[in-house]
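Asker: Once you've had a glance at the structure underneath, I'll fire off some questions.
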Amino acid sequence: MGKIKRVSCIATPMLLTVVSLVCFLVVALAQISPSGHSTPLERDFYFFKADTSRITLRPQSLLDGLPDSVFGIEVPDALQSAAESGPLKDFYVVGLFSYCEGETDTETGRETVTHCSAWKLPFYFDPVAVWQLENTSVQEILGEPFAKGMKMYRKTVEWTHYALVVVLALTVLECVVGLLAIRSRGYSLCATVVSFAQTMLAIAAAAVATITYVTLTGVFETVLRPYNIEASLGVRLFSILWLAVACSIASSFFWPLSACFCSGK
């Protein structure tokens, strides 16, 4: 009877911890597929997306949208070369540890992933490198806002990567200790400590990730919008990330209760 009470007592925090773990795994695995299989995990779950399928390369319309201090059409020339030579795809979706690229069917609008980059830690999306524009004057023409925005993105996203890796490890540890909590309230106390640390770091990591990709989207919208390159946030993956955080917060409230009550005797 005592064990049954313990099981019922830890069932809620344990379930919340498992849901949190699954959500964090989805966040970590999104866009990871070196073979480039077009599955929903790669196509629909991302933090950031750049849509280049409707890119505009008409010099006059581009110059009308650029600041007065920018002269010449080096950027459209470079993008035109990239589009014609092949490296510029229709869309790019960025996950935690890699990115995927693909093509959009002009008739149906269906997006198909054709390639995903290799898993990397830390990882950041560099459009200049991905679009093979390193040897052009693109960075100089795009100016300081682009350079500053990308620099901030690289710094914050690196911290986010390591923080979420630690969060994943703590969540796994919380699950293990939570299972042992069936034996005694002492393990519930340990689970409480682990859960508190995991929750605090998860909140910080999710907040920084949100700010990071909002900033990246803003940089693209500000600098590359004249070329009709659209940037957007991945609502689905962010929803999963914050669901994981919500479950972590909830479990951190229930673990102390299992340590104080349901002795199992």
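How things are named: the first chain in the structure tokens is A, the next is B, and so on; residues count from 1 in each chain; ligands count from 1 in the order shown.
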Write out as JSON, numbers by chain the residues lying within 9 Å of Phe220 in chain A, counting only C-alpha atoms and excluding same-chain residues fewer than 6 positions away.

Answerer: {"A": [50, 146, 229, 230, 231]}

Asker: With DSSP run on the backbone, what are the strand (DSSP E or B) residues within range 107-251 of chain A? I'd like them as a PDB file with N, CA and C atoms, in the first residue's frame.

Answerer:
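Heads up, here's the output in selection-v3.pdb:
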```
ATOM      1  N   GLU A 111       6.673  22.814 -49.771  1.00  0.00           N
ATOM      2  CA  GLU A 111       8.106  22.965 -49.553  1.00  0.00           C
ATOM      3  C   GLU A 111       8.757  21.605 -49.330  1.00  0.00           C
ATOM      4  N   THR A 112       9.880  21.384 -49.985  1.00  0.00           N
ATOM      5  CA  THR A 112      10.604  20.122 -49.874  1.00  0.00           C
ATOM      6  C   THR A 112      12.041  20.391 -49.452  1.00  0.00           C
ATOM      7  N   VAL A 113      12.454  19.781 -48.359  1.00  0.00           N
ATOM      8  CA  VAL A 113      13.830  19.922 -47.886  1.00  0.00           C
ATOM      9  C   VAL A 113      14.750  19.091 -48.770  1.00  0.00           C
ATOM     10  N   THR A 114      15.797  19.704 -49.294  1.00  0.00           N
ATOM     11  CA  THR A 114      16.735  19.002 -50.168  1.00  0.00           C
ATOM     12  C   THR A 114      18.086  18.738 -49.517  1.00  0.00           C
ATOM     13  N   HIS A 115      18.400  19.497 -48.469  1.00  0.00           N
ATOM     14  CA  HIS A 115      19.704  19.320 -47.810  1.00  0.00           C
ATOM     15  C   HIS A 115      19.651  19.887 -46.403  1.00  0.00           C
ATOM     16  N   CYS A 116      20.314  19.186 -45.483  1.00  0.00           N
ATOM     17  CA  CYS A 116      20.473  19.688 -44.118  1.00  0.00           C
ATOM     18  C   CYS A 116      21.959  19.684 -43.771  1.00  0.00           C
ATOM     19  N   GLU A 230      12.055  37.270 -47.179  1.00  0.00           N
ATOM     20  CA  GLU A 230      11.191  37.339 -46.010  1.00  0.00           C
ATOM     21  C   GLU A 230      11.752  36.486 -44.873  1.00  0.00           C
ATOM     22  N   ALA A 231      11.722  37.029 -43.682  1.00  0.00           N
ATOM     23  CA  ALA A 231      12.197  36.312 -42.492  1.00  0.00           C
ATOM     24  C   ALA A 231      11.042  36.142 -41.518  1.00  0.00           C
ATOM     25  N   SER A 232      11.006  34.995 -40.845  1.00  0.00           N
ATOM     26  CA  SER A 232       9.927  34.742 -39.891  1.00  0.00           C
ATOM     27  C   SER A 232      10.405  33.821 -38.778  1.00  0.00           C
ATOM     28  N   LEU A 233       9.711  33.899 -37.648  1.00  0.00           N
ATOM     29  CA  LEU A 233       9.994  33.026 -36.516  1.00  0.00           C
ATOM     30  C   LEU A 233       9.197  31.737 -36.642  1.00  0.00           C
TER      31      LEU A 233
END
```

Asker: Can you tell me how far CA of Phe97 in chain A sits from CA of Leu164 in chain A, in Å to one decimal?

Answerer: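 Interatomic distance, CA of Phe97 in chain A to CA of Leu164 in chain A: 10.8 Å.
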
Asker: Excluding same-chain residues fewer than 3 positions from Ala206 in chain A, what lies within 7 Å of it counting only C-alpha atoms, as a list of chain:residue names?

Answerer: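 Those residues are A:Ala202, A:Ile203, A:Ala209, A:Thr210, A:Leu241, A:Trp242.
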
Asker: Convert the current residue selection to file output with N, CA and C atoms, as a compact mmCIF listing (two decimals), in the first residue's frame.

Answerer:
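What follows is the written file result.txt:
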```txt
# COMPACT_ATOMS: atom_id res chain seq x y z
N ALA A 202 16.31 26.42 -17.73
CA ALA A 202 15.40 26.29 -18.87
C ALA A 202 14.72 27.62 -19.18
N ILE A 203 14.28 28.31 -18.14
CA ILE A 203 13.64 29.62 -18.33
C ILE A 203 14.62 30.60 -18.98
N ALA A 209 16.92 32.37 -26.14
CA ALA A 209 16.67 31.86 -27.48
C ALA A 209 15.61 32.69 -28.20
N THR A 210 14.56 33.04 -27.48
CA THR A 210 13.50 33.86 -28.08
C THR A 210 14.04 35.22 -28.50
N LEU A 241 9.12 24.66 -27.22
CA LEU A 241 10.15 25.06 -26.26
C LEU A 241 9.51 25.61 -24.99
N TRP A 242 8.53 26.49 -25.14
CA TRP A 242 7.91 27.09 -23.96
C TRP A 242 6.96 26.13 -23.25
```

Asker: Just give me the gap between CA of Ala129 in chain A and CA of Leu88 in chain A in Å, one decimal is fine.

Answerer: 11.0 Å

Asker: If we count only C-alpha atoms and set the cut-off at 9 Å, which residues sit around Met14 in chain A, ignoring sequence neighbours fewer than 2 positions away in its own chain? Please answer as a VMD selection string.

Answerer: chain A and resid 10 to 12 16 to 19 174 to 175 178 to 179 251 255

Asker: Rounded to one decimal place, report the CA of Val194 in chain A-CA of Leu29 in chain A distance in Å.

Answerer: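 About the pair CA of Val194 in chain A and CA of Leu29 in chain A: they are 23.4 Å apart.
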